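Asks: I'm passing along work14.cif; it holds mmCIF, C-alpha atoms (C1' of nucleotides).
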```cif
data_entry
#
loop_
_atom_site.group_PDB
_atom_site.id
_atom_site.type_symbol
_atom_site.label_atom_id
_atom_site.label_comp_id
_atom_site.auth_asym_id
_atom_site.auth_seq_id
_atom_site.Cartn_x
_atom_site.Cartn_y
_atom_site.Cartn_z
ATOM 1 C CA MET A 19 61.303 -7.105 10.833
ATOM 2 C CA THR A 20 59.559 -4.274 12.581
ATOM 3 C CA LEU A 21 60.583 -1.356 14.708
ATOM 4 C CA SER A 22 60.324 -1.727 18.473
ATOM 5 C CA LEU A 23 58.583 0.967 20.469
ATOM 6 C CA VAL A 24 61.947 2.036 21.872
ATOM 7 C CA GLU A 25 63.357 2.423 18.366
ATOM 8 C CA ILE A 26 60.339 4.445 17.300
ATOM 9 C CA TYR A 27 60.805 6.716 20.302
ATOM 10 C CA LYS A 28 64.472 7.268 19.527
ATOM 11 C CA SER A 29 63.779 7.971 15.861
ATOM 12 C CA LEU A 30 61.007 10.467 16.590
ATOM 13 C CA LEU A 31 63.031 12.262 19.261
ATOM 14 C CA LYS A 32 65.998 12.516 16.915
ATOM 15 C CA ARG A 33 63.837 13.915 14.125
ATOM 16 C CA TYR A 34 61.614 16.309 16.056
ATOM 17 C CA GLY A 35 63.481 17.055 19.292
ATOM 18 C CA PRO A 36 61.901 17.531 22.765
ATOM 19 C CA GLN A 37 58.331 18.779 22.444
ATOM 20 C CA GLY A 38 57.888 20.659 25.700
ATOM 21 C CA TRP A 39 54.496 19.332 26.651
ATOM 22 C CA TRP A 40 51.968 19.989 28.119
ATOM 23 C CA PRO A 41 51.597 23.363 26.282
ATOM 24 C CA LEU A 42 50.647 25.563 29.250
ATOM 25 C CA ILE A 43 49.397 29.029 28.438
ATOM 26 C CA ALA A 44 51.487 31.758 29.985
ATOM 27 C CA HIS A 45 49.610 33.115 32.973
ATOM 28 C CA ALA A 46 52.294 33.653 35.531
ATOM 29 C CA GLY A 47 51.564 35.266 38.864
ATOM 30 C CA THR A 48 49.731 38.544 39.340
ATOM 31 C CA ASN A 49 50.452 40.024 35.936
ATOM 32 C CA PRO A 50 49.297 37.421 33.466
ATOM 33 C CA THR A 51 50.490 37.765 29.919
ATOM 34 C CA LEU A 52 47.863 35.625 28.286
ATOM 35 C CA ARG A 53 49.633 34.478 25.204
ATOM 36 C CA GLY A 54 48.989 30.984 23.992
ATOM 37 C CA ARG A 55 51.721 28.773 22.637
ATOM 38 C CA LEU A 56 50.944 25.774 20.523
ATOM 39 C CA THR A 57 54.186 23.898 20.904
ATOM 40 C CA GLY A 58 57.569 24.140 22.502
ATOM 41 C CA TYR A 59 56.432 25.890 25.627
ATOM 42 C CA HIS A 60 59.142 24.321 27.756
ATOM 43 C CA PRO A 61 61.062 21.733 25.723
ATOM 44 C CA GLY A 62 63.139 19.395 27.827
ATOM 45 C CA ASN A 63 61.860 20.962 31.052
ATOM 46 C CA PHE A 64 59.838 18.412 32.983
ATOM 47 C CA GLU A 65 59.544 20.525 36.127
ATOM 48 C CA LEU A 66 56.244 21.926 34.908
ATOM 49 C CA PRO A 67 53.526 21.998 35.990
ATOM 50 C CA ASN A 68 54.724 23.077 39.408
ATOM 51 C CA THR A 69 51.643 24.848 40.746
ATOM 52 C CA GLU A 70 48.130 23.570 41.328
ATOM 53 C CA LYS A 71 46.814 26.259 39.006
ATOM 54 C CA GLN A 72 48.977 24.938 36.188
ATOM 55 C CA MET A 73 47.827 21.412 36.986
ATOM 56 C CA LEU A 74 44.200 22.505 36.810
ATOM 57 C CA GLU A 75 44.876 24.283 33.542
ATOM 58 C CA ILE A 76 46.158 21.035 32.066
ATOM 59 C CA MET A 77 43.117 19.115 33.277
ATOM 60 C CA LEU A 78 40.800 21.687 31.718
ATOM 61 C CA GLY A 79 42.839 21.646 28.523
ATOM 62 C CA GLY A 80 42.402 17.894 28.378
ATOM 63 C CA ILE A 81 38.635 18.220 28.336
ATOM 64 C CA LEU A 82 38.630 21.172 25.949
ATOM 65 C CA ALA A 83 40.906 19.347 23.502
ATOM 66 C CA GLN A 84 38.613 16.337 23.158
ATOM 67 C CA ASN A 85 38.232 15.656 19.431
ATOM 68 C CA THR A 86 39.174 19.268 18.787
ATOM 69 C CA SER A 87 42.210 21.064 17.418
ATOM 70 C CA TRP A 88 44.491 22.478 20.086
ATOM 71 C CA VAL A 89 44.131 25.937 18.550
ATOM 72 C CA ASN A 90 40.396 25.938 19.233
ATOM 73 C CA ALA A 91 40.807 24.360 22.650
ATOM 74 C CA GLU A 92 43.403 26.919 23.632
ATOM 75 C CA LYS A 93 41.165 29.828 22.708
ATOM 76 C CA ALA A 94 38.600 28.463 25.125
ATOM 77 C CA LEU A 95 41.262 28.010 27.777
ATOM 78 C CA LEU A 96 42.330 31.624 27.375
ATOM 79 C CA GLN A 97 38.712 32.706 27.847
ATOM 80 C CA LEU A 98 38.591 30.791 31.105
ATOM 81 C CA ALA A 99 41.905 32.262 32.227
ATOM 82 C CA GLN A 100 40.820 35.818 31.454
ATOM 83 C CA ASN A 101 37.772 35.291 33.645
ATOM 84 C CA ASP A 102 39.797 33.882 36.547
ATOM 85 C CA LEU A 103 38.262 30.475 35.965
ATOM 86 C CA ILE A 104 41.429 28.426 36.213
ATOM 87 C CA ASP A 105 40.203 28.069 39.758
ATOM 88 C CA ILE A 106 38.165 25.260 41.225
ATOM 89 C CA GLN A 107 35.884 27.370 43.415
ATOM 90 C CA ASN A 108 35.249 29.943 40.698
ATOM 91 C CA LEU A 109 34.366 27.173 38.259
ATOM 92 C CA ILE A 110 31.882 25.744 40.720
ATOM 93 C CA ASP A 111 30.377 29.180 41.303
ATOM 94 C CA THR A 112 29.872 29.720 37.579
ATOM 95 C CA SER A 113 26.804 28.335 35.826
ATOM 96 C CA VAL A 114 27.225 25.674 33.165
ATOM 97 C CA GLU A 115 25.443 28.003 30.756
ATOM 98 C CA GLN A 116 27.980 30.738 31.350
ATOM 99 C CA LEU A 117 30.891 28.314 31.070
ATOM 100 C CA ALA A 118 29.444 27.062 27.804
ATOM 101 C CA GLN A 119 29.605 30.521 26.262
ATOM 102 C CA LEU A 120 33.205 30.972 27.358
ATOM 103 C CA VAL A 121 34.406 27.660 25.921
ATOM 104 C CA ARG A 122 32.380 28.024 22.753
ATOM 105 C CA SER A 123 35.395 28.019 20.446
ATOM 106 C CA SER A 124 36.351 24.494 21.447
ATOM 107 C CA GLY A 125 33.184 22.980 20.010
ATOM 108 C CA TYR A 126 30.775 20.665 21.867
ATOM 109 C CA TYR A 127 30.607 23.572 24.283
ATOM 110 C CA ASN A 128 27.525 22.464 26.183
ATOM 111 C CA GLN A 129 29.007 19.059 26.865
ATOM 112 C CA LYS A 130 32.428 20.431 27.704
ATOM 113 C CA ALA A 131 31.026 23.039 30.085
ATOM 114 C CA ALA A 132 29.186 20.299 31.964
ATOM 115 C CA ARG A 133 32.300 18.124 31.974
ATOM 116 C CA ILE A 134 34.413 20.936 33.366
ATOM 117 C CA HIS A 135 31.841 21.513 36.059
ATOM 118 C CA ASN A 136 31.875 17.804 36.894
ATOM 119 C CA LEU A 137 35.658 17.854 37.164
ATOM 120 C CA ALA A 138 35.629 20.953 39.362
ATOM 121 C CA ARG A 139 33.145 19.377 41.751
ATOM 122 C CA TYR A 140 35.308 16.277 41.989
ATOM 123 C CA LEU A 141 38.391 18.395 42.719
ATOM 124 C CA GLU A 142 36.489 20.274 45.400
ATOM 125 C CA SER A 143 36.160 17.080 47.417
ATOM 126 C CA HIS A 144 39.477 15.619 46.223
ATOM 127 C CA PRO A 145 42.037 18.455 46.284
ATOM 128 C CA ILE A 146 44.828 18.283 43.711
ATOM 129 C CA ARG A 147 47.299 18.302 46.600
ATOM 130 C CA SER A 148 45.813 15.064 47.867
ATOM 131 C CA LEU A 149 45.831 13.448 44.435
ATOM 132 C CA LEU A 150 49.571 14.020 44.131
ATOM 133 C CA SER A 151 50.295 11.711 47.026
ATOM 134 C CA ARG A 152 48.033 8.887 45.903
ATOM 135 C CA THR A 153 48.715 6.060 43.460
ATOM 136 C CA ILE A 154 47.490 5.654 39.901
ATOM 137 C CA ALA A 155 45.463 2.646 41.000
ATOM 138 C CA GLN A 156 43.728 4.775 43.593
ATOM 139 C CA VAL A 157 43.086 7.904 41.534
ATOM 140 C CA ARG A 158 42.340 6.512 38.076
ATOM 141 C CA PRO A 159 38.988 4.892 38.907
ATOM 142 C CA GLU A 160 37.828 8.114 40.529
ATOM 143 C CA LEU A 161 38.756 10.231 37.525
ATOM 144 C CA ARG A 162 37.165 7.730 35.141
ATOM 145 C CA ALA A 163 33.953 7.949 37.136
ATOM 146 C CA ILE A 164 33.640 11.643 36.296
ATOM 147 C CA LYS A 165 31.207 12.060 33.419
ATOM 148 C CA GLY A 166 33.234 13.383 30.530
ATOM 149 C CA VAL A 167 36.576 11.924 31.576
ATOM 150 C CA GLY A 168 37.254 8.928 29.366
ATOM 151 C CA ASN A 169 40.421 6.889 29.001
ATOM 152 C CA GLU A 170 42.542 9.423 27.171
ATOM 153 C CA THR A 171 41.488 12.474 29.154
ATOM 154 C CA CYS A 172 41.955 10.532 32.378
ATOM 155 C CA ASP A 173 45.466 9.431 31.505
ATOM 156 C CA SER A 174 46.391 12.886 30.198
ATOM 157 C CA ILE A 175 45.422 14.243 33.593
ATOM 158 C CA LEU A 176 47.405 11.564 35.408
ATOM 159 C CA LEU A 177 50.528 11.967 33.277
ATOM 160 C CA TYR A 178 50.651 15.631 32.339
ATOM 161 C CA ALA A 179 48.915 17.283 35.298
ATOM 162 C CA LEU A 180 49.756 14.920 38.154
ATOM 163 C CA LYS A 181 53.056 13.600 36.734
ATOM 164 C CA LYS A 182 52.228 9.961 37.258
ATOM 165 C CA PRO A 183 53.865 7.325 35.019
ATOM 166 C CA ILE A 184 50.999 6.211 32.799
ATOM 167 C CA PHE A 185 51.020 6.262 29.003
ATOM 168 C CA VAL A 186 48.402 8.262 27.108
ATOM 169 C CA VAL A 187 46.956 6.372 24.139
ATOM 170 C CA ASP A 188 45.072 8.302 21.482
ATOM 171 C CA ALA A 189 43.856 7.839 17.924
ATOM 172 C CA TYR A 190 47.277 8.912 16.653
ATOM 173 C CA THR A 191 49.023 6.294 18.764
ATOM 174 C CA LYS A 192 46.810 3.573 17.423
ATOM 175 C CA LYS A 193 47.214 4.655 13.826
ATOM 176 C CA LEU A 194 50.985 4.829 14.123
ATOM 177 C CA LEU A 195 51.293 1.406 15.735
ATOM 178 C CA VAL A 196 48.928 -0.232 13.287
ATOM 179 C CA ARG A 197 50.829 1.195 10.359
ATOM 180 C CA ASN A 198 54.106 -0.001 11.819
ATOM 181 C CA GLY A 199 52.706 -3.478 12.339
ATOM 182 C CA LEU A 200 53.038 -3.452 16.123
ATOM 183 C CA ILE A 201 49.369 -3.967 16.936
ATOM 184 C CA SER A 202 46.220 -5.183 15.272
ATOM 185 C CA ALA A 203 43.675 -2.644 14.178
ATOM 186 C CA ILE A 204 41.164 -3.980 16.674
ATOM 187 C CA SER A 205 43.393 -3.518 19.736
ATOM 188 C CA THR A 206 41.730 -1.916 22.723
ATOM 189 C CA TYR A 207 42.917 1.115 24.640
ATOM 190 C CA GLU A 208 44.087 -1.043 27.508
ATOM 191 C CA GLU A 209 45.976 -3.460 25.267
ATOM 192 C CA ILE A 210 47.880 -0.646 23.600
ATOM 193 C CA GLN A 211 48.643 1.012 26.916
ATOM 194 C CA THR A 212 49.901 -2.266 28.371
ATOM 195 C CA LEU A 213 52.263 -2.627 25.424
ATOM 196 C CA PHE A 214 53.834 0.749 26.184
ATOM 197 C CA HIS A 215 54.069 -0.035 29.885
ATOM 198 C CA ARG A 216 55.812 -3.281 29.083
ATOM 199 C CA GLU A 217 58.239 -2.013 26.438
ATOM 200 C CA ILE A 218 59.053 1.488 27.626
ATOM 201 C CA PRO A 219 60.754 2.339 30.932
ATOM 202 C CA GLN A 220 58.116 3.567 33.379
ATOM 203 C CA SER A 221 59.287 7.149 33.422
ATOM 204 C CA VAL A 222 57.068 10.216 33.557
ATOM 205 C CA GLU A 223 59.534 12.119 31.381
ATOM 206 C CA ILE A 224 59.705 9.450 28.676
ATOM 207 C CA TYR A 225 55.938 8.876 28.598
ATOM 208 C CA ASN A 226 55.453 12.637 28.405
ATOM 209 C CA GLU A 227 57.878 13.035 25.536
ATOM 210 C CA PHE A 228 56.821 9.939 23.625
ATOM 211 C CA HIS A 229 53.140 10.812 23.504
ATOM 212 C CA ALA A 230 53.950 14.372 22.459
ATOM 213 C CA LEU A 231 56.259 13.086 19.727
ATOM 214 C CA ILE A 232 53.557 10.771 18.417
ATOM 215 C CA VAL A 233 51.166 13.705 18.125
ATOM 216 C CA GLN A 234 53.825 15.804 16.403
ATOM 217 C CA HIS A 235 54.618 13.014 13.978
ATOM 218 C CA CYS A 236 51.003 12.200 13.185
ATOM 219 C CA VAL A 237 50.016 15.828 12.691
ATOM 220 C CA HIS A 238 52.883 16.609 10.323
ATOM 221 C CA CYS A 239 53.798 13.312 8.679
ATOM 222 C CA CYS A 240 51.712 10.226 9.451
ATOM 223 C CA LEU A 241 48.511 11.858 8.245
ATOM 224 C CA LYS A 242 45.350 10.127 7.202
ATOM 225 C CA VAL A 243 47.057 9.892 3.844
ATOM 226 C CA PRO A 244 50.635 9.593 5.083
ATOM 227 C CA LEU A 245 53.656 11.480 3.723
ATOM 228 C CA CYS A 246 55.904 8.446 3.697
ATOM 229 C CA ASP A 247 58.751 10.010 1.694
ATOM 230 C CA SER A 248 59.823 12.218 4.566
ATOM 231 C CA CYS A 249 58.951 9.764 7.334
ATOM 232 C CA PRO A 250 61.717 9.054 9.872
ATOM 233 C CA LEU A 251 60.297 5.547 10.301
ATOM 234 C CA LYS A 252 59.909 4.674 6.634
ATOM 235 C CA GLU A 253 62.698 2.089 6.483
ATOM 236 C CA LEU A 254 60.881 -0.414 8.650
ATOM 237 C CA CYS A 255 57.280 0.765 8.569
ATOM 238 C CA GLN A 256 55.084 -2.101 7.409
ATOM 239 C CA LYS A 257 53.421 -1.545 4.102
ATOM 240 C CA LEU A 258 50.171 -3.025 5.260
ATOM 241 C CA PRO A 259 47.256 -2.940 2.811
ATOM 242 C CA PHE A 260 45.333 -0.418 4.870
ATOM 243 C CA SER A 261 48.341 1.547 6.053
ATOM 244 C CA ALA A 262 48.567 4.002 3.211
ATOM 245 C CA PRO A 263 45.212 4.545 1.538
ATOM 246 C CA LYS A 264 45.660 6.064 -1.903
ATOM 247 C CA ARG A 265 42.638 8.210 -1.432
ATOM 248 C CA GLY A 266 40.605 9.114 1.600
ATOM 249 C CA THR A 267 37.591 7.077 0.695
ATOM 250 C CA LYS A 268 35.132 6.514 3.462
ATOM 251 C CA ARG A 269 35.782 2.807 3.378
ATOM 252 C CA SER A 270 39.556 3.088 3.597
ATOM 253 C CA ILE A 271 39.393 5.699 6.332
ATOM 254 C CA LYS A 272 37.007 3.672 8.400
ATOM 255 C CA LYS A 273 39.211 0.634 8.064
ATOM 256 C CA ASP A 274 42.288 2.689 8.881
ATOM 257 C CA GLN A 275 40.857 4.095 12.059
ATOM 258 C CA ARG A 276 39.505 0.893 13.416
ATOM 259 C "C1'" DG B 14 31.140 23.404 0.514
ATOM 260 C "C1'" DC B 15 33.821 19.501 2.632
ATOM 261 C "C1'" DC B 16 36.979 17.415 5.863
ATOM 262 C "C1'" DC B 17 38.793 17.042 10.190
ATOM 263 C "C1'" DA B 18 40.644 17.890 14.950
ATOM 264 C "C1'" DG B 19 45.020 14.740 20.925
ATOM 265 C "C1'" DG B 20 36.883 11.927 22.616
ATOM 266 C "C1'" DA B 21 33.108 10.454 25.346
ATOM 267 C "C1'" DG B 22 28.582 8.812 26.406
ATOM 268 C "C1'" DC B 23 24.544 6.594 25.302
ATOM 269 C "C1'" DC B 24 21.718 3.399 22.989
ATOM 270 C "C1'" DC B 25 20.923 -0.725 20.934
ATOM 271 C "C1'" DG B 26 21.670 -5.504 19.083
ATOM 272 C "C1'" DC C 2 31.525 -5.926 23.756
ATOM 273 C "C1'" DG C 3 31.007 -2.985 19.606
ATOM 274 C "C1'" DG C 4 29.093 -0.247 15.925
ATOM 275 C "C1'" DG C 5 26.419 3.946 15.133
ATOM 276 C "C1'" DC C 6 24.897 8.353 16.519
ATOM 277 C "C1'" DT C 7 25.383 12.857 18.709
ATOM 278 C "C1'" DC C 8 27.753 16.776 20.194
ATOM 279 C "C1'" DA C 9 29.949 21.864 17.288
ATOM 280 C "C1'" DT C 10 33.582 25.365 16.332
ATOM 281 C "C1'" DG C 11 37.198 27.096 13.313
ATOM 282 C "C1'" DG C 12 41.023 26.361 10.061
ATOM 283 C "C1'" DG C 13 42.765 24.338 5.745
#
```
Could you spell out this file's structure in structure tokens?
Replies:
Amino acid sequence: MTLSLVEIYKSLLKRYGPQGWWPLIAHAGTNPTLRGRLTGYHPGNFELPNTEKQMLEIMLGGILAQNTSWVNAEKALLQLAQNDLIDIQNLIDTSVEQLAQLVRSSGYYNQKAARIHNLARYLESHPIRSLLSRTIAQVRPELRAIKGVGNETCDSILLYALKKPIFVVDAYTKKLLVRNGLISAISTYEEIQTLFHREIPQSVEIYNEFHALIVQHCVHCCLKVPLCDSCPLKELCQKLPFSAPKRGTKRSIKKDQR
DNA sequence: GCCCAGGAGCCCG
DNA sequence: CGGGCTCATGGG
């Protein structure tokens, strides 16, 4: 007996409540109050983003957050915002070297600066406005072709910036599903995503909330060494050999992440 | 000091 | 296809 994806979603939502993703920084209108929020920016409100600037901010956040804590990524995002660089043309007009210094706090800053520049040049020829009216099948290959936009970043852009119904798979998702016995540890990104698309109603709101809940759960409970006592899923979570390493040995971690 | 964070690309068998 | 390596800061 294992939990279904729908049951996991319900349990996580009941435990943690609506997460309010994507965590947009507050930079409204002409008088920006640049104050970052880590979580709960707009819980239960799926109207956002509702401007192209907010959509761009999410896309940039996706790149800046690659293998990096959101706190560090957000600092970089605030630097961009303070320099009026949540703007496609301004990004293009800024050198990669200068961008790199601004996004320094997010780590991998040289790579990320180049990736942001790549994204901006793509958006120059493919305006966000035009992307909104095209299908996932049309846009996804184009985004994936941008150097620096891999599977997760691509789908984060599609779901959270462009509000298209596609599920975002990340390392947390894989860990959670492996531990709950829903997938094998060698499942590919596409296999895991297909599972969500098959089992979960194809709703932008639900995909948004579910992914955010998985991050919340994995950051606070289903850690590398999981805190199973307080886990909302503990009743039916599979006690697989690799699911709860006693100690974070290199071997056990490697196996766990595979 | 060590570990890790919402990855991605490249290289090599 | 897949493992291994590289990229890098800041917080616990």
Asks: With 5 Å on each side, where is the centre of the axis-aligned box around all listed atoms of segment 6-10 of chain C, and how long are its edges in Å to one decimal, as lines of an AutoDock Vina configuration file?
Replies:
```
center_x = 29.2
center_y = 16.9
center_z = 18.3
size_x = 18.7
size_y = 27.0
size_z = 13.9
```
Asks: Name the closest residue to Glu223 of chain A among the candidates A:Met77, A:Ala91, A:Leu194, A:Leu66; distances are taken between atoms, counting all atoms listed in the file.
Replies: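 Nearest candidate to Glu223 of chain A out of A:Met77, A:Ala91, A:Leu194, A:Leu66: A:Leu66.
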Asks: List every residue of chain B that has an atom at most 9 Å from any atom of chain A, and for each one report the closest atom pair and its distance in Å to one decimal, counting all atoms listed in the file, with rows sorted by chain and then by increasing residue number, as a tab-separated table.
Replies:
```
residue	atom	partner	partner_atom	distance
B:DC17	C1'	A:Thr86	CA	8.9
B:DA18	C1'	A:Ser87	CA	4.3
B:DG19	C1'	A:Asp188	CA	6.5
B:DG20	C1'	A:Gln84	CA	4.8
B:DA21	C1'	A:Gly166	CA	6.0
B:DG22	C1'	A:Gly166	CA	7.7
```
Asks: Pull out every residue of chain C that has at least one atom within 6 Å of chain A, counting all atoms listed in the file, and report them as a PyMOL selection string.
Replies: chain C and resi 8-10
Asks: Set the distance at 12 Å and use all atoms listed in the file: which residues neighbour DC24 of chain B once local chain neighbours fewer than 4 positions away are removed? I'd like the list as a list in words.
Replies: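 With the cut-off at 12 Å, the set is DG3, DG4, DG5, DC6 and DT7 of chain C.
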Asks: By how many Å are atom CA of Glu160 of chain A and atom CA of His144 of chain A apart?
Replies: 9.6 Å
Asks: Given the PyMOL selection byres ((chain A and resi 149) around 12) and the file above, list the residues it selects as a list in words.
Replies: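 What the PyMOL selection byres ((chain A and resi 149) around 12) grabs from the file is Glu70, Met73, Leu74, Tyr140, Leu141, Glu142, Ser143, His144, Pro145, Ile146, Arg147, Ser148, Leu150, Ser151, Arg152, Thr153, Ile154, Ala155, Gln156, Val157, Arg158, Glu160, Leu161, Ile175, Leu176, Ala179, Leu180, Lys181 and Lys182 of chain A.
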